[in-house]
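Source file: upload-v7.cif; contents: mmCIF, C-alpha atoms and all ligand atoms.
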data_coords
#
loop_
_atom_site.label_atom_id
_atom_site.label_comp_id
_atom_site.auth_asym_id
_atom_site.auth_seq_id
_atom_site.Cartn_x
_atom_site.Cartn_y
_atom_site.Cartn_z
CA MET A 1 0.00 0.00 0.00
CA ASN A 2 1.47 3.34 -1.06
CA LYS A 3 0.56 6.01 1.51
CA SER A 4 0.57 8.82 -1.06
CA LEU A 5 -2.41 7.24 -2.89
CA SER A 6 -5.97 6.38 -1.91
CA SER A 7 -6.94 2.71 -1.69
CA ARG A 8 -8.60 3.25 -5.08
CA GLY A 9 -5.33 4.65 -6.44
CA ASN A 10 -3.38 1.72 -5.04
CA ARG A 11 -5.78 -0.73 -6.67
CA ALA A 12 -5.52 1.13 -9.98
CA SER A 13 -1.72 1.04 -9.91
CA LYS A 14 -1.97 -2.75 -10.02
CA THR A 15 -4.90 -3.17 -12.44
CA VAL A 16 -3.69 -3.11 -16.04
CA LEU A 17 -6.38 -2.46 -18.65
CA ARG A 18 -5.32 -5.52 -20.59
CA THR A 19 -2.31 -7.79 -20.36
CA ASP A 20 -1.51 -7.85 -24.10
CA MET A 21 -1.36 -4.07 -24.66
CA ASP A 22 2.43 -3.73 -24.23
CA MET A 23 2.95 -6.57 -26.70
CA PHE A 24 0.59 -4.84 -29.10
CA PHE A 25 2.72 -1.68 -29.06
CA GLU A 26 5.89 -3.76 -29.40
CA ALA A 27 4.43 -5.55 -32.45
CA VAL A 28 3.27 -2.23 -33.94
CA ASP A 29 6.81 -0.82 -33.59
CA ASN A 30 8.14 -3.87 -35.41
CA GLN A 31 5.33 -4.22 -37.94
CA TYR A 32 5.88 -6.19 -41.17
CA ASP A 33 6.68 -4.11 -44.24
CA LYS A 34 7.39 -5.73 -47.58
CA GLU A 35 10.13 -3.21 -48.33
CA LYS A 36 11.58 -2.31 -44.96
CA ASN A 37 10.81 -5.10 -42.50
CA LEU A 38 10.27 -8.50 -44.07
CA THR A 39 10.62 -10.36 -40.78
CA GLY A 40 8.30 -7.96 -38.95
CA ALA A 41 5.22 -8.68 -36.83
CA PHE A 42 1.45 -8.71 -37.44
CA PRO A 43 -0.42 -7.18 -34.50
CA LEU A 44 -3.84 -8.87 -34.79
CA ASN A 45 -4.91 -8.57 -31.15
CA VAL A 46 -6.41 -5.08 -30.74
CA ALA A 47 -9.81 -4.26 -32.24
CA GLU A 48 -9.04 -1.64 -34.84
CA ASN A 49 -10.03 -1.49 -38.47
CA ARG A 50 -7.22 0.16 -40.42
CA LEU A 51 -8.52 -0.71 -43.89
CA THR A 52 -10.55 2.39 -44.68
CA TRP A 53 -8.83 5.32 -42.94
CA ASN A 54 -7.58 6.58 -46.31
CA ILE A 55 -11.19 7.21 -47.41
CA LEU A 56 -12.27 8.90 -44.18
CA SER A 57 -9.12 10.98 -43.82
CA ALA A 58 -9.61 12.42 -47.34
CA LYS A 59 -13.17 13.43 -46.41
CA ILE A 60 -11.99 15.06 -43.18
CA LYS A 61 -9.29 16.95 -45.06
CA GLU A 62 -11.94 18.29 -47.43
CA ILE A 63 -14.11 19.45 -44.50
CA THR A 64 -11.29 21.15 -42.61
CA THR A 65 -10.04 22.86 -45.78
CA GLU A 66 -13.36 24.09 -47.09
CA LYS A 67 -15.51 24.85 -44.04
CA ASP A 68 -15.33 27.50 -41.37
CA ILE A 69 -15.31 26.23 -37.81
CA PRO A 70 -18.64 27.21 -36.19
CA GLU A 71 -18.54 29.38 -33.08
CA TRP A 72 -20.10 26.77 -30.77
CA VAL A 73 -16.98 24.63 -31.11
CA ALA A 74 -15.01 27.01 -28.89
CA GLY A 75 -17.38 27.04 -25.92
CA TYR A 76 -19.13 24.78 -23.41
CA THR A 77 -22.09 22.87 -24.75
CA SER A 78 -24.78 20.43 -23.58
CA GLY A 79 -23.64 17.53 -21.36
CA GLN A 80 -25.52 15.25 -23.73
CA GLY A 81 -23.50 16.43 -26.74
CA HIS A 82 -24.06 19.49 -28.94
CA PRO A 83 -27.67 19.62 -30.26
CA SER A 84 -26.70 19.85 -33.96
CA PHE A 85 -24.32 16.89 -33.53
CA ARG A 86 -27.03 14.85 -31.81
CA ALA A 87 -29.47 15.64 -34.61
CA SER A 88 -26.90 14.62 -37.23
CA VAL A 89 -26.18 11.31 -35.44
CA ALA A 90 -29.94 10.66 -35.08
CA ARG A 91 -30.41 11.02 -38.87
CA PHE A 92 -27.33 8.88 -39.57
CA LEU A 93 -28.39 6.06 -37.24
CA THR A 94 -31.98 6.05 -38.49
CA ARG A 95 -30.89 5.70 -42.08
CA PHE A 96 -27.91 3.37 -41.77
CA LEU A 97 -28.04 1.36 -38.53
CA THR A 98 -31.30 1.28 -36.62
CA LYS A 99 -33.82 1.81 -39.47
CA CYS A 100 -36.27 3.35 -37.00
CA PRO A 101 -36.89 6.90 -35.70
CA MET A 102 -34.23 8.15 -33.26
CA ASP A 103 -34.96 11.09 -30.98
CA GLU A 104 -32.00 13.48 -30.63
CA ASN A 105 -33.01 14.28 -27.02
CA LYS A 106 -32.57 10.67 -25.92
CA PHE A 107 -28.82 10.50 -26.60
CA ALA A 108 -25.82 11.20 -24.42
CA PHE A 109 -22.28 11.19 -25.84
CA SER A 110 -19.06 10.40 -23.98
CA ALA A 111 -15.41 9.86 -24.87
CA GLY A 112 -15.71 6.46 -26.56
CA ALA A 113 -17.70 3.34 -25.69
CA THR A 114 -15.34 2.82 -22.74
CA SER A 115 -16.64 6.02 -21.15
CA VAL A 116 -20.24 5.22 -22.04
CA ILE A 117 -20.00 1.79 -20.42
CA GLU A 118 -18.41 3.26 -17.29
CA MET A 119 -20.99 6.06 -17.06
CA THR A 120 -23.90 3.68 -17.62
CA ALA A 121 -22.61 1.41 -14.86
CA LEU A 122 -22.24 4.41 -12.57
CA VAL A 123 -25.79 5.62 -13.15
CA LEU A 124 -27.55 2.23 -13.06
CA GLY A 125 -25.73 0.34 -10.33
CA ASP A 126 -24.31 0.68 -6.84
CA PRO A 127 -20.95 -0.84 -5.81
CA GLY A 128 -21.26 -4.63 -5.62
CA ASP A 129 -24.17 -4.80 -8.09
CA VAL A 130 -23.78 -7.22 -10.96
CA MET A 131 -23.74 -6.80 -14.73
CA ALA A 132 -23.91 -10.03 -16.70
CA PHE A 133 -22.47 -10.89 -20.11
CA CYS A 134 -22.61 -13.98 -22.34
CA ALA A 135 -19.24 -15.72 -22.39
CA PRO A 136 -17.00 -15.34 -24.25
CA SER A 137 -17.24 -11.57 -24.04
CA TYR A 138 -15.06 -8.44 -24.45
CA PRO A 139 -12.52 -8.68 -21.58
CA VAL A 140 -12.39 -4.96 -20.78
CA TYR A 141 -16.07 -4.84 -19.77
CA LYS A 142 -14.74 -5.99 -16.38
CA GLN A 143 -12.59 -2.87 -15.91
CA ASP A 144 -15.10 -0.52 -17.55
CA ILE A 145 -17.84 -1.39 -15.07
CA GLY A 146 -15.50 -2.14 -12.15
CA ASN A 147 -12.78 0.51 -12.01
CA ILE A 148 -14.92 3.52 -11.10
CA ALA A 149 -18.50 2.29 -10.67
CA GLU A 150 -17.37 -0.82 -8.74
CA LEU A 151 -19.87 -3.14 -10.38
CA GLU A 152 -19.05 -6.83 -10.76
CA ARG A 153 -18.89 -8.78 -13.99
CA TYR A 154 -20.73 -12.11 -14.19
CA ASP A 155 -20.12 -14.41 -17.15
CA ILE A 156 -23.04 -16.53 -18.29
CA ILE A 157 -21.82 -19.78 -19.84
CA THR A 158 -24.18 -20.93 -22.58
CA HIS A 159 -21.87 -23.45 -24.32
CA HIS A 160 -18.34 -24.85 -24.12
CA ASP A 161 -17.06 -25.78 -27.58
CA ILE A 162 -16.84 -23.60 -30.66
CA SER A 163 -18.74 -26.25 -32.61
CA ASP A 164 -21.81 -25.43 -30.49
CA LEU A 165 -21.97 -22.03 -32.21
CA GLN A 166 -22.00 -23.26 -35.82
CA ASN A 167 -25.71 -22.42 -36.09
CA GLY A 168 -25.47 -19.12 -34.23
CA LEU A 169 -25.17 -17.76 -30.71
CA ILE A 170 -26.84 -19.58 -27.85
CA LEU A 171 -28.93 -17.81 -25.25
CA GLU A 172 -32.04 -19.10 -23.51
CA ILE A 173 -34.22 -17.62 -20.80
CA SER A 174 -33.14 -20.53 -18.60
CA HIS A 175 -29.58 -19.11 -18.70
CA LEU A 176 -30.88 -15.79 -17.37
CA GLU A 177 -32.99 -17.51 -14.72
CA ALA A 178 -29.99 -19.53 -13.54
CA ALA A 179 -27.75 -16.44 -13.47
CA LYS A 180 -30.33 -14.51 -11.43
CA LYS A 181 -30.63 -17.34 -8.95
CA ASP A 182 -26.86 -17.67 -8.61
CA ILE A 183 -26.27 -13.91 -8.25
CA GLU A 184 -29.08 -13.53 -5.69
CA SER A 185 -27.89 -16.54 -3.73
CA GLN A 186 -24.65 -14.59 -3.18
CA GLY A 187 -26.71 -11.71 -1.75
CA LYS A 188 -26.09 -9.53 -4.82
CA ARG A 189 -28.38 -7.71 -7.24
CA PHE A 190 -28.59 -8.66 -10.94
CA LYS A 191 -28.72 -5.10 -12.17
CA ALA A 192 -28.04 -5.28 -15.89
CA PHE A 193 -27.53 -7.69 -18.75
CA VAL A 194 -25.35 -6.71 -21.71
CA LEU A 195 -25.44 -8.22 -25.19
CA THR A 196 -22.97 -7.27 -27.91
CA THR A 197 -24.26 -7.68 -31.46
CA PRO A 198 -22.42 -8.31 -33.69
CA ASP A 199 -20.53 -9.97 -30.92
CA ASN A 200 -16.98 -9.54 -29.68
CA PRO A 201 -15.26 -12.04 -30.08
CA THR A 202 -17.53 -14.51 -31.93
CA GLY A 203 -18.97 -12.25 -34.65
CA GLY A 204 -22.40 -13.76 -33.95
CA ILE A 205 -25.62 -11.76 -33.97
CA TYR A 206 -28.84 -11.98 -31.98
CA SER A 207 -32.07 -12.12 -34.01
CA TYR A 208 -34.91 -9.64 -33.52
CA GLU A 209 -37.00 -12.45 -31.99
CA LYS A 210 -34.25 -13.36 -29.49
CA LEU A 211 -33.78 -9.72 -28.50
CA TRP A 212 -37.53 -9.40 -28.05
CA GLU A 213 -37.71 -12.51 -25.87
CA VAL A 214 -34.75 -11.41 -23.72
CA SER A 215 -36.13 -7.88 -23.37
CA SER A 216 -39.46 -9.31 -22.10
CA TRP A 217 -37.62 -11.26 -19.41
CA CYS A 218 -35.49 -8.26 -18.44
CA ILE A 219 -38.47 -5.92 -18.16
CA GLU A 220 -40.41 -8.45 -16.10
CA ASN A 221 -37.43 -8.99 -13.77
CA GLU A 222 -36.43 -5.31 -13.61
CA VAL A 223 -32.97 -6.07 -15.00
CA HIS A 224 -31.64 -3.42 -17.39
CA LEU A 225 -30.94 -4.78 -20.86
CA ILE A 226 -28.21 -2.92 -22.74
CA VAL A 227 -27.34 -3.85 -26.29
CA ASN A 228 -23.91 -2.81 -27.58
CA GLU A 229 -24.02 -2.30 -31.36
CA ILE A 230 -20.50 -0.90 -31.67
CA TYR A 231 -19.90 -3.32 -34.61
CA GLY A 232 -23.37 -2.78 -36.12
CA LEU A 233 -22.15 -1.60 -39.53
CA SER A 234 -19.11 -3.89 -39.75
CA LEU A 235 -21.09 -6.66 -41.37
CA ILE A 236 -19.79 -9.60 -43.41
CA ASP A 237 -21.48 -10.42 -46.72
CA THR A 238 -22.64 -13.91 -45.76
CA SER A 239 -24.07 -14.44 -49.26
CA HIS A 240 -20.56 -14.28 -50.78
CA PRO A 241 -19.99 -17.52 -52.76
CA ALA A 242 -16.66 -18.18 -50.98
CA ILE A 243 -18.29 -18.46 -47.55
CA ARG A 244 -22.05 -18.84 -47.89
CA SER A 245 -21.97 -22.60 -47.23
CA ASP A 246 -20.69 -21.76 -43.70
CA TYR A 247 -24.07 -20.31 -42.74
CA SER A 248 -26.79 -22.88 -42.21
CA THR A 249 -29.34 -20.41 -40.90
CA SER A 250 -30.20 -17.08 -42.45
CA ASN A 251 -29.75 -14.63 -39.62
CA HIS A 252 -29.79 -10.89 -40.25
CA PHE A 253 -28.66 -8.04 -38.07
CA ALA A 254 -31.59 -6.12 -36.57
CA SER A 255 -30.98 -3.14 -34.34
CA PHE A 256 -32.25 -3.27 -30.77
CA ALA A 257 -33.40 0.34 -31.22
CA GLN A 258 -36.43 -1.04 -33.10
CA ILE A 259 -37.53 -2.99 -30.04
CA MET A 260 -36.83 0.01 -27.79
CA GLU A 261 -39.01 2.13 -30.07
CA VAL A 262 -41.93 -0.30 -29.78
CA ARG A 263 -41.60 -0.97 -26.04
CA GLN A 264 -40.61 2.52 -24.81
CA ASN A 265 -39.36 0.99 -21.56
CA ASP A 266 -37.09 2.40 -18.86
CA TYR A 267 -35.09 -0.85 -18.67
CA LEU A 268 -33.87 -0.88 -22.29
CA HIS A 269 -30.78 0.95 -23.58
CA LEU A 270 -28.50 1.00 -26.63
CA TRP A 271 -24.74 1.65 -26.88
CA TYR A 272 -22.95 2.69 -30.03
CA ALA A 273 -19.56 4.25 -30.86
CA PHE A 274 -17.75 5.33 -34.01
CA SER A 275 -14.49 3.62 -33.02
CA LYS A 276 -14.96 0.40 -34.99
CA ASP A 277 -17.33 0.94 -37.92
CA PHE A 278 -15.45 4.12 -38.88
CA GLY A 279 -12.00 3.01 -37.73
CA VAL A 280 -11.58 6.05 -35.48
CA SER A 281 -11.03 4.71 -31.97
CA GLY A 282 -8.75 7.72 -31.44
CA PHE A 283 -11.63 10.17 -31.91
CA ARG A 284 -13.23 8.90 -28.69
CA VAL A 285 -16.93 9.18 -29.58
CA GLY A 286 -19.48 6.86 -27.98
CA LEU A 287 -23.17 7.16 -27.18
CA VAL A 288 -25.96 5.78 -25.10
CA TYR A 289 -29.55 5.95 -26.32
CA SER A 290 -32.44 5.46 -23.92
CA HIS A 291 -36.14 6.24 -23.54
CA ASN A 292 -35.52 6.48 -19.80
CA ASP A 293 -35.53 10.29 -19.33
CA ILE A 294 -34.31 10.26 -15.74
CA PHE A 295 -31.41 7.98 -16.70
CA ILE A 296 -30.39 10.43 -19.46
CA LYS A 297 -30.72 13.36 -17.03
CA ALA A 298 -28.53 11.68 -14.41
CA TYR A 299 -26.03 10.70 -17.09
CA GLU A 300 -25.86 14.28 -18.39
CA ASN A 301 -25.27 15.65 -14.90
CA LEU A 302 -22.28 13.32 -14.38
CA ASN A 303 -20.93 13.50 -17.91
CA TYR A 304 -18.84 16.68 -17.92
CA SER A 305 -15.61 14.82 -17.18
CA HIS A 306 -16.30 12.46 -20.09
CA LEU A 307 -17.36 14.81 -22.89
CA VAL A 308 -16.32 14.46 -26.49
CA SER A 309 -14.39 17.53 -27.65
CA ASN A 310 -16.59 19.93 -29.64
CA TYR A 311 -14.07 19.99 -32.45
CA THR A 312 -14.43 16.21 -32.86
CA GLN A 313 -18.23 16.50 -32.66
CA TRP A 314 -18.17 19.12 -35.41
CA ILE A 315 -15.93 17.09 -37.77
CA LEU A 316 -18.03 13.98 -37.29
CA GLU A 317 -21.26 15.93 -37.74
CA GLU A 318 -20.00 17.20 -41.11
CA VAL A 319 -18.97 13.69 -42.19
CA LEU A 320 -22.28 12.16 -41.12
CA ASN A 321 -24.39 14.87 -42.79
CA ASP A 322 -23.09 13.71 -46.17
CA HIS A 323 -25.24 10.59 -46.58
CA ALA A 324 -23.93 9.85 -50.07
CA PHE A 325 -20.38 9.68 -48.66
CA VAL A 326 -21.48 7.59 -45.65
CA LYS A 327 -23.36 5.12 -47.86
CA SER A 328 -20.37 4.60 -50.11
CA TYR A 329 -17.98 4.41 -47.12
CA ILE A 330 -20.05 1.70 -45.41
CA GLU A 331 -20.36 -0.31 -48.63
CA THR A 332 -16.62 -0.17 -49.30
CA ASN A 333 -15.86 -1.02 -45.69
CA GLN A 334 -18.14 -4.08 -45.69
CA LYS A 335 -16.75 -5.27 -49.03
CA THR A 336 -13.14 -4.94 -47.83
CA LEU A 337 -13.94 -6.54 -44.48
CA THR A 338 -15.51 -9.51 -46.28
CA GLU A 339 -12.46 -9.87 -48.57
CA ALA A 340 -10.13 -9.86 -45.55
CA TYR A 341 -12.38 -12.31 -43.71
CA ILE A 342 -12.27 -14.71 -46.67
CA ILE A 343 -8.46 -14.66 -46.70
CA VAL A 344 -8.44 -15.82 -43.08
CA VAL A 345 -11.23 -18.37 -43.47
CA ASN A 346 -9.47 -19.97 -46.46
CA ALA A 347 -6.26 -20.19 -44.45
CA LEU A 348 -8.05 -21.77 -41.48
CA LYS A 349 -9.81 -24.29 -43.72
CA SER A 350 -6.49 -25.28 -45.29
CA VAL A 351 -5.22 -26.45 -41.89
CA ASP A 352 -8.54 -27.72 -40.59
CA ILE A 353 -8.97 -25.18 -37.78
CA SER A 354 -12.49 -24.64 -36.39
CA TYR A 355 -13.87 -21.13 -36.14
CA VAL A 356 -17.22 -19.49 -35.57
CA PRO A 357 -18.70 -18.25 -38.87
CA SER A 358 -18.87 -14.50 -38.41
CA TYR A 359 -21.78 -12.23 -39.34
CA GLY A 360 -19.93 -9.06 -38.38
CA SER A 361 -17.34 -7.36 -36.09
CA LEU A 362 -13.59 -7.26 -36.75
CA PHE A 363 -12.86 -10.78 -35.46
CA ILE A 364 -12.60 -14.47 -36.04
CA TRP A 365 -12.88 -16.63 -32.94
CA LEU A 366 -10.88 -19.79 -33.50
CA ASP A 367 -10.04 -23.03 -31.79
CA LEU A 368 -6.37 -23.93 -31.37
CA SER A 369 -6.96 -26.11 -28.30
CA ALA A 370 -5.66 -29.19 -30.13
CA PHE A 371 -2.20 -27.60 -30.12
CA LEU A 372 -2.07 -27.15 -26.33
CA LYS A 373 -0.32 -29.74 -24.22
CA LYS A 374 -3.06 -29.31 -21.60
CA GLU A 375 -6.21 -27.20 -21.67
CA THR A 376 -4.93 -24.76 -19.02
CA ILE A 377 -4.40 -20.99 -18.95
CA LYS A 378 -0.65 -21.60 -18.64
CA ALA A 379 -0.55 -23.79 -21.74
CA GLU A 380 -2.70 -21.27 -23.63
CA GLN A 381 -0.29 -18.43 -22.74
CA LYS A 382 2.71 -20.54 -23.69
CA PHE A 383 1.27 -21.43 -27.09
CA TRP A 384 0.22 -17.81 -27.70
CA LEU A 385 3.73 -16.50 -27.00
CA LYS A 386 5.36 -19.21 -29.07
CA LEU A 387 3.11 -18.42 -32.04
CA TYR A 388 4.04 -14.75 -31.74
CA LYS A 389 7.76 -15.43 -31.36
CA LYS A 390 7.95 -17.83 -34.30
CA THR A 391 5.59 -16.09 -36.74
CA GLY A 392 5.09 -12.51 -35.54
CA VAL A 393 1.31 -13.17 -35.54
CA LEU A 394 -0.07 -11.69 -32.33
CA LEU A 395 -3.57 -12.93 -31.43
CA THR A 396 -5.74 -12.12 -28.41
CA PRO A 397 -5.62 -15.07 -25.99
CA GLY A 398 -8.97 -16.42 -24.80
CA ASP A 399 -8.19 -15.90 -21.12
CA GLY A 400 -10.10 -12.79 -19.99
CA PHE A 401 -13.15 -13.42 -22.22
CA GLY A 402 -14.76 -15.21 -19.27
CA HIS A 403 -15.20 -18.51 -21.08
CA THR A 404 -14.63 -22.05 -19.82
CA LYS A 405 -12.68 -23.57 -22.71
CA ARG A 406 -8.93 -22.98 -23.09
CA GLY A 407 -7.12 -22.72 -26.42
CA LEU A 408 -9.58 -20.34 -28.08
CA PHE A 409 -8.10 -17.21 -29.64
CA ARG A 410 -9.37 -14.03 -31.29
CA MET A 411 -7.90 -12.69 -34.51
CA VAL A 412 -8.43 -9.06 -35.56
CA TYR A 413 -8.06 -9.39 -39.32
CA PRO A 414 -8.71 -5.80 -40.60
CA PHE A 415 -5.72 -4.32 -38.77
CA ILE A 416 -3.35 -4.83 -41.71
CA PRO A 417 -3.71 -4.48 -45.51
CA LEU A 418 -4.97 -7.52 -47.41
CA GLU A 419 -1.57 -8.32 -49.03
CA GLU A 420 0.03 -8.35 -45.57
CA LEU A 421 -2.78 -10.50 -44.21
CA GLU A 422 -1.94 -13.07 -46.92
CA VAL A 423 1.69 -13.13 -45.70
CA ALA A 424 0.56 -13.40 -42.06
CA MET A 425 -1.73 -16.32 -42.92
CA LYS A 426 1.09 -18.11 -44.79
CA ARG A 427 3.33 -17.87 -41.71
CA PHE A 428 0.46 -18.84 -39.41
CA THR A 429 -0.60 -21.96 -41.35
CA LYS A 430 3.03 -23.05 -41.86
CA PHE A 431 3.55 -22.86 -38.09
CA LEU A 432 0.42 -24.93 -37.42
CA LYS A 433 1.23 -27.52 -40.08
CA LYS A 434 4.59 -28.15 -38.40
CA ARG A 435 2.88 -28.94 -35.14
CA SER A 436 0.80 -32.03 -35.15
CA LYS A 437 -2.51 -31.80 -33.33
CA SER A 438 -2.68 -33.91 -30.21
C1 LIG A 501 -17.64 -4.58 -27.41
C2 LIG A 501 -16.80 -3.37 -27.20
N1 LIG A 501 -17.26 -2.35 -26.47
C3 LIG A 501 -16.50 -1.26 -26.24
C4 LIG A 501 -15.23 -1.13 -26.77
C5 LIG A 501 -14.42 0.12 -26.48
O1 LIG A 501 -14.59 1.03 -27.52
P1 LIG A 501 -14.04 2.54 -27.48
O2 LIG A 501 -12.73 2.54 -28.18
O3 LIG A 501 -15.08 3.33 -28.25
O4 LIG A 501 -13.94 2.97 -26.08
C6 LIG A 501 -14.71 -2.17 -27.54
C7 LIG A 501 -13.34 -2.08 -28.09
O5 LIG A 501 -12.74 -3.04 -28.51
C8 LIG A 501 -15.52 -3.30 -27.77
O6 LIG A 501 -15.08 -4.34 -28.51
#
I need this file expressed as structure tokens, please.
Amino acid sequence: MNKSLSSRGNRASKTVLRTDMDMFFEAVDNQYDKEKNLTGAFPLNVAENRLTWNILSAKIKEITTEKDIPEWVAGYTSGQGHPSFRASVARFLTRFLTKCPMDENKFAFSAGATSVIEMTALVLGDPGDVMAFCAPSYPVYKQDIGNIAELERYDIITHHDISDLQNGLILEISHLEAAKKDIESQGKRFKAFVLTTPDNPTGGIYSYEKLWEVSSWCIENEVHLIVNEIYGLSLIDTSHPAIRSDYSTSNHFASFAQIMEVRQNDYLHLWYAFSKDFGVSGFRVGLVYSHNDIFIKAYENLNYSHLVSNYTQWILEEVLNDHAFVKSYIETNQKTLTEAYIIVVNALKSVDISYVPSYGSLFIWLDLSAFLKKETIKAEQKFWLKLYKKTGVLLTPGDGFGHTKRGLFRMVYPFIPLEELEVAMKRFTKFLKKRSKS
């Protein structure tokens, strides 16, 4: 215990955001380059899409060159986000993501989804309350709800093997009932349930019917249901001839906002951010949308330390107002994502590695458990490091996603250009071929 810090500060000094971040930066510093660094690394562990920045950066250059900066950018503005920015985002979401009316007064913006998750936890729960997630799930949810708001993460296990997800994600009301019972038997409150769709790490999506069923249970049990659609526009073209046989059921993304619009209920909320679909995690723009007016009011009152800079709001507003640009950007992004996805899937098929067929997100969730000596966290770490050392391919290890099975890894395929992804996959499959499966 360091006396110069609070107990919170002491805890923070020992709680890293994620264990693979230093390795990510190391791999980025030594990244493969066909001219300058042929033996370089492929950082495929952090969720960033670097494939379309050239398109967006050209648009931003045009805006900053041609337009005058409005006066409101220099001053304080609403804690929910500037009104003209909110209106622009409402029009954008209605047309491209949610396909239903969005009310600009029901938004609050914070500095990235990370901030939005933290703020939501702070407003909805008290320390010790529980937020549940379906395993495997985004590791950093734990810190986002725990660091400041002091809520606890609970992982609901709905399956064990990757093969269980070949026909889509699994979630039944019985899983929620069992979680509630377990949480309450520990004397805790089941305060909120979070679904990510498309999902991190599996790339699965929840159907409209499933979201409806789950929302009914949540409303009845007074558990907040929050749906995170941060990957909502990063969709894979599942009808592409190279992959369509992977999908046995036709499942289409449907935004939870549609259900919120019908039900108008205080227990339903939506998260979105521009970090992934627009490849601008550095802009730090996330949002919560809710028909719960008192929740939005409380959020606004606490939000001043989390605001998005007005300059960023203005740039994004200008980008989003140009619907012709946005339409073409999304189409190009989805086409490129699908091409990159196919490169990886073909490589995995060539060495007989199981994966979950993805509907969207920036990931492939794959099973390398057959290469572990034992299905333990230690063996998983050892294999992960060896793969990185020998091939430069840096994946996200499954530990931290809250799942039961060891030897599952996440690959972020749109971090590098397609030609480099081909090289990475050659090294990756060569490495696996050399090692016989146990
Ligand atoms: C599901 C999910 N939510 C939130 C975040 C954090 O996003 P942001 O960079 O907008 O804070 C991520 C980033 O990987 C994510 O995958």
| task | Figure out the distance between atom CA of A:Phe295 and atom CA of A:Phe107, please, to one decimal in Å. | result |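 Spanning atom CA of A:Phe107 to atom CA of A:Phe295 is a straight-line distance of 10.5 Å.
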| query | If you count all atoms listed in the file, which residues fall within 9 Å of stretch 174-180 of chain A, apart from same-chain ones fewer than 6 positions away, as a PyMOL selection string? | reply | chain A and resi 132+154-158+189-190+193+214+217-218
With 5 Å on each side, where is the centre of the axis-aligned box around all listed atoms of ligand LIG 501 (chain A), and how long are its edges in Å to one decimal, as AutoDock Vina command-line options?
--center_x -15.2 --center_y -0.6 --center_z -27.3 --size_x 14.9 --size_y 17.9 --size_z 12.4
| task | Using all atoms listed in the file, find the one residue out of A:Glu222, A:Glu261, A:Glu62, A:Glu184 that sits nearest to A:Thr94. | result |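 The closest residue to A:Thr94 is A:Glu261.
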| request: Could I get the residue neighbourhood of ligand LIG 501 (chain A) at 10 Å, counting only C-alpha atoms and all ligand atoms, as a VMD selection string? | output: chain A and resid 45 to 48 110 to 118 137 to 141 144 194 to 201 227 to 231 271 to 276 279 to 287 361 to 363
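Remark: residues at most 10 Å from position (-1.4, -13.0, -45.0) in file coordinates are Phe42, Ala340, Ile343, Val344, Ala347, Val393, Tyr413, Ile416, Pro417, Leu418, Glu419, Glu420, Leu421, Glu422, Val423, Ala424, Met425, Lys426, Arg427, Phe428 and Thr429 of chain A, using all atoms listed in the file.
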Quick one: everything within 10 Å of A:Thr376, counting only C-alpha atoms, minus sequence neighbours fewer than 3 positions away in the same chain. Send it as a PDB file with C-alpha atoms, in the coordinates of the input.
ATOM      1  CA  SER A 369      -6.960 -26.110 -28.300  1.00  0.00           C
ATOM      2  CA  LEU A 372      -2.070 -27.150 -26.330  1.00  0.00           C
ATOM      3  CA  LYS A 373      -0.320 -29.740 -24.220  1.00  0.00           C
ATOM      4  CA  ALA A 379      -0.550 -23.790 -21.740  1.00  0.00           C
ATOM      5  CA  GLU A 380      -2.700 -21.270 -23.630  1.00  0.00           C
ATOM      6  CA  GLN A 381      -0.290 -18.430 -22.740  1.00  0.00           C
ATOM      7  CA  LYS A 382       2.710 -20.540 -23.690  1.00  0.00           C
ATOM      8  CA  ASP A 399      -8.190 -15.900 -21.120  1.00  0.00           C
ATOM      9  CA  LYS A 405     -12.680 -23.570 -22.710  1.00  0.00           C
ATOM     10  CA  ARG A 406      -8.930 -22.980 -23.090  1.00  0.00           C
ATOM     11  CA  GLY A 407      -7.120 -22.720 -26.420  1.00  0.00           C
TER      12      GLY A 407
END
| Exercise: A:Asn321 partners within 12 Å, all atoms listed in the file, chain neighbours under 3 positions left out, as JSON, numbers by chain | {"A": [59, 63, 84, 85, 86, 87, 88, 89, 90, 91, 92, 93, 95, 313, 314, 315, 316, 317, 318, 324, 325, 326, 327]}
Please produce an output containing C-alpha atoms for each residue in the selection, written as a short mmCIF file (atom, residue, chain, number, x, y, z; two decimals), in the frame of the given file.
data_model
loop_
_atom_site.label_atom_id
_atom_site.label_comp_id
_atom_site.auth_asym_id
_atom_site.auth_seq_id
_atom_site.Cartn_x
_atom_site.Cartn_y
_atom_site.Cartn_z
CA LYS A 59 -13.17 13.43 -46.41
CA ILE A 63 -14.11 19.45 -44.50
CA SER A 84 -26.70 19.85 -33.96
CA PHE A 85 -24.32 16.89 -33.53
CA ARG A 86 -27.03 14.85 -31.81
CA ALA A 87 -29.47 15.64 -34.61
CA SER A 88 -26.90 14.62 -37.23
CA VAL A 89 -26.18 11.31 -35.44
CA ALA A 90 -29.94 10.66 -35.08
CA ARG A 91 -30.41 11.02 -38.87
CA PHE A 92 -27.33 8.88 -39.57
CA LEU A 93 -28.39 6.06 -37.24
CA ARG A 95 -30.89 5.70 -42.08
CA GLN A 313 -18.23 16.50 -32.66
CA TRP A 314 -18.17 19.12 -35.41
CA ILE A 315 -15.93 17.09 -37.77
CA LEU A 316 -18.03 13.98 -37.29
CA GLU A 317 -21.26 15.93 -37.74
CA GLU A 318 -20.00 17.20 -41.11
CA ALA A 324 -23.93 9.85 -50.07
CA PHE A 325 -20.38 9.68 -48.66
CA VAL A 326 -21.48 7.59 -45.65
CA LYS A 327 -23.36 5.12 -47.86
#
